[in-house]
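The structure appears right after this line, and notes come after that.
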Amino acid sequence: MRSSLPLAPEVPVAIHVDGCRLGVFMCSPFDLDELAVGHLLGRGIVTSRGELKVLAPCPDQRSVRVETTTGAGNRVPPEGLVYSACGAATRLAPPLCATNPLSGTGVVASLEDLKAWARAMFDAAVLYRQVGGLHVAALAVQDASAGADDGACGAERRTPSYFVVREDVGRHNAIDKVMGRALLDGANLREAVLLTSGRIAADMAEKAARAGLPILVSRSVPTTEAYEIARDAGITIVGRIGAVHPFVYTWPDRLKP
């Protein structure tokens, strides 16, 4: 019998890719198609929505079946059980950072833009306000025509042309969900900002590098390993976004003074 007190939703969900079970993910049981697609993107198993041939969450919300046009699911090692408290232990190969740096690509945004988008992310976290115990992530693509440069007020008025928010008991799951939704919608990830409520760990920086996301923003801070991955991969990291003076850790050239 379930408690009548607030509980954060968490169930095991199996993801099958090209007939092989990739892993069982402890996650919140909604937006599972997005979770699967975002995770495959973050692992480099798919790189575009055109590589998705079948995407079929089961009605019981306990598994997702994916078939790719490349058959890549047959060439990746299984991940076993992936707990909501931590991401899969898949490391980013150094040559990816060295040969495909993101420096010189991506959006140019002000800290006021990022602060406003972080506030919008938390405002949309309905389930968190109801029960607590969840993380939230957002992905924003800035509309360059919105909010001309006319001082601080103009910067505040900048709005993203694309903005998606997702919640999950795992912070890496929430990131997978927004990445997956953005890929399915055809959003330009190389012009996007990824925001998260939790700390930026190594697996998050790796996901961003594989997906080509140029800016990572957090209410918390990055880990030492995430910092090094972002530095080498050319990703801008901004921490403590809710503070008066957020921390800009890497690649500050994408941020307006």
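Identifiers in the structure tokens: chain A, B, ... in order shown; residue index from 1 per chain; ligand index from 1 in order shown.
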Self-check item: Residues near Asp18 of chain A, cut-off 7 Å, only C-alpha atoms, skip fewer than 6 positions along chain, as a ChimeraX atom specification
Solution: /A:66-68,71,73-74
For segment 30-36 of chain A: contacts at 6 Å, only C-alpha atoms, fewer than 6 positions along chain excluded, given as a PDB file with C-alpha atoms, in the first residue's frame:
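around-v5.pdb was written with the following content:
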ATOM      1  CA  PRO A  57       6.866   3.229 -25.743  1.00  0.00           C
ATOM      2  CA  ASP A 176      17.810  13.194 -21.718  1.00  0.00           C
ATOM      3  CA  LYS A 177      14.138  14.109 -21.997  1.00  0.00           C
ATOM      4  CA  GLY A 180      15.183  13.930 -26.958  1.00  0.00           C
ATOM      5  CA  ARG A 181      12.233  16.292 -27.357  1.00  0.00           C
TER       6      ARG A 181
END
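When only C-alpha atoms are used to compute distances to Val178 of chain A, the closest of the residues A:Val13, A:Val37, A:Ala118, A:Leu5 turns out to be A:Val37.
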Exercise. Skip Ala8 of chain A itself and residues of its chain fewer than 4 positions away, then list as a list in words all residues within 8 Å of it, counting only C-alpha atoms.
Key: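 What passes the distance filter is Ser28, Val131, Gly132, Gly133, Leu134 and Val169 of chain A.
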Store the residues picked out above in a file with N, CA and C atoms, as a PDB file, in the first residue's frame.
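Full text of out_25.pdb as output:
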ATOM      1  N   SER A  28      11.260   8.636 -13.807  1.00  0.00           N
ATOM      2  CA  SER A  28       9.843   8.982 -13.659  1.00  0.00           C
ATOM      3  C   SER A  28       9.115   8.554 -14.930  1.00  0.00           C
ATOM      4  N   VAL A 131       5.133  17.629  -5.221  1.00  0.00           N
ATOM      5  CA  VAL A 131       5.632  16.559  -4.370  1.00  0.00           C
ATOM      6  C   VAL A 131       7.081  16.724  -3.947  1.00  0.00           C
ATOM      7  N   GLY A 132       7.859  17.546  -4.663  1.00  0.00           N
ATOM      8  CA  GLY A 132       9.281  17.671  -4.370  1.00  0.00           C
ATOM      9  C   GLY A 132      10.044  16.443  -4.845  1.00  0.00           C
ATOM     10  N   GLY A 133      11.348  16.434  -4.609  1.00  0.00           N
ATOM     11  CA  GLY A 133      12.153  15.258  -4.895  1.00  0.00           C
ATOM     12  C   GLY A 133      12.467  15.021  -6.353  1.00  0.00           C
ATOM     13  N   LEU A 134      12.224  15.998  -7.220  1.00  0.00           N
ATOM     14  CA  LEU A 134      12.507  15.829  -8.637  1.00  0.00           C
ATOM     15  C   LEU A 134      13.505  16.873  -9.113  1.00  0.00           C
ATOM     16  N   VAL A 169      12.898  12.221 -11.705  1.00  0.00           N
ATOM     17  CA  VAL A 169      13.543  11.959 -10.423  1.00  0.00           C
ATOM     18  C   VAL A 169      15.065  11.975 -10.562  1.00  0.00           C
TER      19      VAL A 169
END
Quiz item: So which one's closest to Ala138 of chain A, A:Ala243, A:Thr196, A:Asp185, A:Ser110? Using only C-alpha atoms, please.
Solution: A:Thr196
Quiz item: Within 10 Å of Gly50 of chain A, counting only C-alpha atoms, which residues qualify if same-chain residues fewer than 2 places away don't, as a list of chain:residue names?
Solution: A:Val46, A:Thr47, A:Ser48, A:Leu52, A:Lys53, A:Thr68, A:Thr69, A:Leu183, A:Leu184, A:Gly186
Exercise. Quick one: pull the distance between atom CA of Thr236 of chain A and atom CA of Leu139 of chain A, Å, one decimal.
Key: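 Computing the Euclidean distance for atom CA of Thr236 of chain A and atom CA of Leu139 of chain A yields 14.6 Å.
With distances restricted to only C-alpha atoms, A:Val248 is the closest residue to Leu111 of chain A from A:Val248, A:Ala72, A:Leu127, A:Ala85.
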Exercise. Can you work out the spacing between atom CA of Pro160 of chain A and atom CA of Val193 of chain A in Å, to one decimal?
Key: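 Interatomic distance, atom CA of Pro160 of chain A to atom CA of Val193 of chain A: 9.7 Å.
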Quiz prompt | Pick from A:Val244, A:Ala187, A:Cys58, A:Ala226 nearest to Ala211 of chain A, counting only C-alpha atoms | solution =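 Among the listed residues, the smallest separation from Ala211 of chain A belongs to A:Ala187.
Among the candidate residues A:Leu102, A:Asp123, A:Lys115, A:Asn188, the one lying nearest to Thr250 of chain A is A:Leu102, with distances computed using only C-alpha atoms.
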Quiz item: How many Å lie between atom CA of Ile237 of chain A and atom CA of Arg210 of chain A, rounded to one decimal?
Solution: 15.4 Å
Quiz prompt | Counting only C-alpha atoms, the residue of A:Ala209, A:Ile175, A:Ile15, A:Val217 that sits nearest Ala230 of chain A | solution = A:Ala209
Enumerate the residues of segment 6-201 of chain A with a DSSP assignment of alpha helix (DSSP H), computed from the backbone, and present them as a compact mmCIF listing (two decimals) with C-alpha atoms, in the first residue's frame.
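File result05.txt, as written:
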# COMPACT_ATOMS: atom_id res chain seq x y z
CA LEU A 32 9.64 7.93 -22.11
CA ASP A 33 10.02 8.28 -25.88
CA GLU A 34 11.96 11.50 -25.25
CA LEU A 35 14.04 9.80 -22.55
CA ALA A 36 15.05 7.04 -24.95
CA VAL A 37 15.87 9.37 -27.85
CA GLY A 38 17.81 11.80 -25.66
CA HIS A 39 19.83 9.01 -24.10
CA LEU A 40 20.69 7.58 -27.51
CA LEU A 41 21.72 11.05 -28.67
CA GLY A 42 23.84 11.59 -25.55
CA ARG A 43 25.62 8.28 -26.15
CA PRO A 94 39.43 11.93 -25.84
CA PRO A 95 39.56 12.06 -29.68
CA LEU A 96 35.97 13.36 -29.75
CA CYS A 97 36.94 16.39 -27.72
CA ALA A 98 40.13 16.89 -29.70
CA THR A 99 38.67 16.53 -33.20
CA LEU A 111 23.71 36.33 -18.21
CA GLU A 112 20.34 38.09 -17.96
CA ASP A 113 19.05 35.86 -20.75
CA LEU A 114 20.25 32.78 -18.91
CA LYS A 115 18.82 33.96 -15.60
CA ALA A 116 15.42 34.59 -17.21
CA TRP A 117 15.38 31.17 -18.85
CA ALA A 118 16.35 29.50 -15.57
CA ARG A 119 13.46 31.26 -13.83
CA ALA A 120 11.11 30.10 -16.58
CA MET A 121 12.40 26.55 -16.13
CA PHE A 122 11.67 26.53 -12.42
CA ASP A 123 8.29 28.18 -12.95
CA VAL A 126 4.79 21.79 -11.62
CA LEU A 127 5.42 18.29 -10.29
CA TYR A 128 8.33 19.48 -8.15
CA ARG A 129 6.07 22.00 -6.46
CA GLN A 130 3.47 19.30 -5.86
CA VAL A 131 5.63 16.56 -4.37
CA ALA A 152 19.60 45.83 -19.61
CA CYS A 153 15.86 46.05 -20.27
CA GLY A 154 16.37 44.88 -23.82
CA ALA A 155 18.41 41.93 -22.59
CA GLU A 156 15.61 40.99 -20.19
CA ARG A 171 18.74 14.95 -13.22
CA HIS A 172 20.42 13.09 -16.09
CA ASN A 173 17.02 11.67 -17.09
CA ALA A 174 15.51 15.16 -17.20
CA ILE A 175 18.37 16.22 -19.48
CA ASP A 176 17.81 13.19 -21.72
CA LYS A 177 14.14 14.11 -22.00
CA VAL A 178 14.67 17.70 -23.14
CA MET A 179 17.42 16.62 -25.53
CA GLY A 180 15.18 13.93 -26.96
CA ARG A 181 12.23 16.29 -27.36
CA ALA A 182 14.44 18.86 -29.07
CA LEU A 183 15.83 16.27 -31.50
CA LEU A 184 12.32 15.04 -32.35
CA ASP A 185 11.20 18.64 -32.91
Exercise. Do a neighbour search on segment 78-80 of chain A at 12 Å with only C-alpha atoms, toss out local chain neighbours closer than 5 positions, and write the hits as a ChimeraX atom specification.
Key: /A:12-17,19-26,39-40,43,73,87-90
